[in-house]
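This report refers to the structure that appears directly beneath it.
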Amino acid sequence: MVFPREVLDEIKWHQKAWVEAEVTYVHRGAPGDVMTISGGDLTALGRSFFEVGDSSSPYHRIVEIALRNNALFRATAAP
């Protein structure tokens with residue numbers, strides 16, 4: 001089983017393609033309660049949460065992580 005944090009770490013540190021990644025996650029209040037951001041918008045990867053600007057969300061809210069239009073992670077069930 002692949003976890004979202006592992007995929008993001010791989011993109012950031014090994015593939016060095018951070019700004020080319022797209023992260024789609026559950027964001028209450030956004031249209032359809034889902035938001036897609038560029039990996040470059042992520043400000044930190046914590047132990048249990050990722051940060052975007054001054055807000056943080058738990059990794060289990062990530063629906064999909066894509067790099068160059070290839071899905072590297074896709075949630076099996078909606079959180």
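Residue names in the structure tokens use chain letters A, B, ... in the order shown, residue numbers from 1 in each chain, and ligand numbers from 1 in the order shown.
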Please identify all polymer residues within 12 Å of Asp9 in chain A, counting only C-alpha atoms, omitting same-chain residues fewer than 4 positions from it, and present them as a short mmCIF file (atom, residue, chain, number, x, y, z; two decimals) with N, CA and C atoms, in the first residue's frame.
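This went into result.cif:
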```cif
data_model
loop_
_atom_site.label_atom_id
_atom_site.label_comp_id
_atom_site.auth_asym_id
_atom_site.auth_seq_id
_atom_site.Cartn_x
_atom_site.Cartn_y
_atom_site.Cartn_z
N VAL A 2 0.58 2.16 -0.87
CA VAL A 2 1.32 3.41 -0.97
C VAL A 2 0.55 4.50 -0.24
N PHE A 3 1.26 5.30 0.52
CA PHE A 3 0.65 6.38 1.28
C PHE A 3 0.97 7.73 0.62
N PRO A 4 0.03 8.69 0.71
CA PRO A 4 0.24 9.99 0.06
C PRO A 4 1.53 10.68 0.47
N ARG A 5 1.88 10.60 1.74
CA ARG A 5 3.10 11.28 2.19
C ARG A 5 4.34 10.69 1.51
N TRP A 13 11.93 14.97 -3.12
CA TRP A 13 13.35 14.73 -2.86
C TRP A 13 14.07 13.91 -3.92
N HIS A 14 13.38 13.02 -4.61
CA HIS A 14 14.07 12.14 -5.54
C HIS A 14 13.84 12.53 -7.00
N GLN A 15 12.63 12.88 -7.34
CA GLN A 15 12.36 13.25 -8.72
C GLN A 15 12.53 14.75 -8.95
N LYS A 16 12.55 15.51 -7.88
CA LYS A 16 12.73 16.97 -7.95
C LYS A 16 11.77 17.62 -8.94
N ALA A 17 10.54 17.15 -8.94
CA ALA A 17 9.52 17.63 -9.86
C ALA A 17 8.36 18.26 -9.10
N TRP A 18 8.66 18.88 -7.98
CA TRP A 18 7.67 19.42 -7.05
C TRP A 18 6.63 20.29 -7.74
N ALA A 21 3.87 18.58 -10.00
CA ALA A 21 2.88 17.70 -9.38
C ALA A 21 1.57 18.45 -9.15
N GLY A 39 2.03 21.22 -6.70
CA GLY A 39 2.94 20.83 -5.63
C GLY A 39 3.71 22.02 -5.10
N LEU A 42 2.41 23.69 -1.92
CA LEU A 42 2.59 23.05 -0.61
C LEU A 42 3.76 23.73 0.10
N ALA A 44 4.72 22.77 3.42
CA ALA A 44 5.39 21.83 4.33
C ALA A 44 4.71 20.48 4.29
N LEU A 45 5.52 19.45 4.52
CA LEU A 45 5.02 18.08 4.67
C LEU A 45 5.34 17.65 6.09
N GLY A 46 4.33 17.62 6.92
CA GLY A 46 4.53 17.21 8.30
C GLY A 46 4.32 15.73 8.48
N ARG A 47 4.36 15.29 9.71
CA ARG A 47 4.19 13.87 10.02
C ARG A 47 2.79 13.37 9.66
N PHE A 50 -0.25 17.99 5.74
CA PHE A 50 0.47 18.79 4.76
C PHE A 50 -0.04 20.21 4.89
N ILE A 65 -2.79 12.25 -6.41
CA ILE A 65 -1.53 12.94 -6.65
C ILE A 65 -1.11 12.55 -8.06
#
```
query: Could you pull out the strand (DSSP E) residues of chain A from DSSP and send them as a ChimeraX atom specification?
result: /A:21-26,34-38,42-45,49-52,55-58,62-67,70-74
Write the residues of the selection above to a file with C-alpha atoms, as a compact mmCIF listing (two decimals), in the first residue's frame.
```
# COMPACT_ATOMS: atom_id res chain seq x y z
CA ALA A 21 2.88 17.70 -9.38
CA GLU A 22 -0.83 18.25 -8.80
CA VAL A 23 -2.50 17.37 -5.52
CA THR A 24 -6.28 16.99 -5.31
CA TYR A 25 -7.75 16.90 -1.83
CA VAL A 26 -10.98 17.32 0.10
CA VAL A 34 -12.47 19.33 -3.65
CA MET A 35 -9.45 21.46 -4.54
CA THR A 36 -6.50 20.81 -6.86
CA ILE A 37 -3.22 22.62 -6.24
CA SER A 38 0.27 22.56 -7.68
CA LEU A 42 2.59 23.05 -0.61
CA THR A 43 4.58 24.81 2.08
CA ALA A 44 5.39 21.83 4.33
CA LEU A 45 5.02 18.08 4.67
CA PHE A 49 -0.54 16.90 7.89
CA PHE A 50 0.47 18.79 4.76
CA GLU A 51 0.45 22.58 4.72
CA VAL A 52 -0.82 24.96 2.06
CA SER A 55 -3.60 26.08 6.72
CA SER A 56 -3.00 22.39 7.18
CA SER A 57 -4.92 19.26 6.18
CA PRO A 58 -4.44 15.61 7.10
CA ILE A 62 -5.77 13.58 -0.43
CA VAL A 63 -7.82 12.12 -3.27
CA GLU A 64 -5.15 12.04 -5.99
CA ILE A 65 -1.53 12.94 -6.65
CA ALA A 66 -0.50 13.28 -10.29
CA LEU A 67 2.81 14.05 -11.95
CA ASN A 70 0.06 10.39 -14.56
CA ALA A 71 -1.72 9.44 -11.34
CA LEU A 72 0.83 8.26 -8.79
CA PHE A 73 -1.70 7.97 -5.97
CA ARG A 74 -5.47 7.62 -6.07
```
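Taking CA of Gly40 in chain A and CA of Lys12 in chain A as the two end points, the separation is 9.7 Å.
Each of A:Asp41, A:Glu20, A:Asp33, A:Val7 was checked against Asn69 in chain A using only C-alpha atoms; the smallest atom-to-atom distance is that of A:Glu20.
The closest residue to Arg68 in chain A, picked from A:Val19, A:His27, A:Leu8, A:Gly32 and counting only C-alpha atoms, is A:Val19.
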field: helix (DSSP H, G or I) call set, DSSP backbone run, chain A, as JSON, numbers by chain
entry: {"A": [4, 5, 6, 7, 8, 9, 10, 11, 12, 13, 14, 15, 18, 19, 20, 31, 32, 33, 39, 40, 41, 59, 60, 61]}
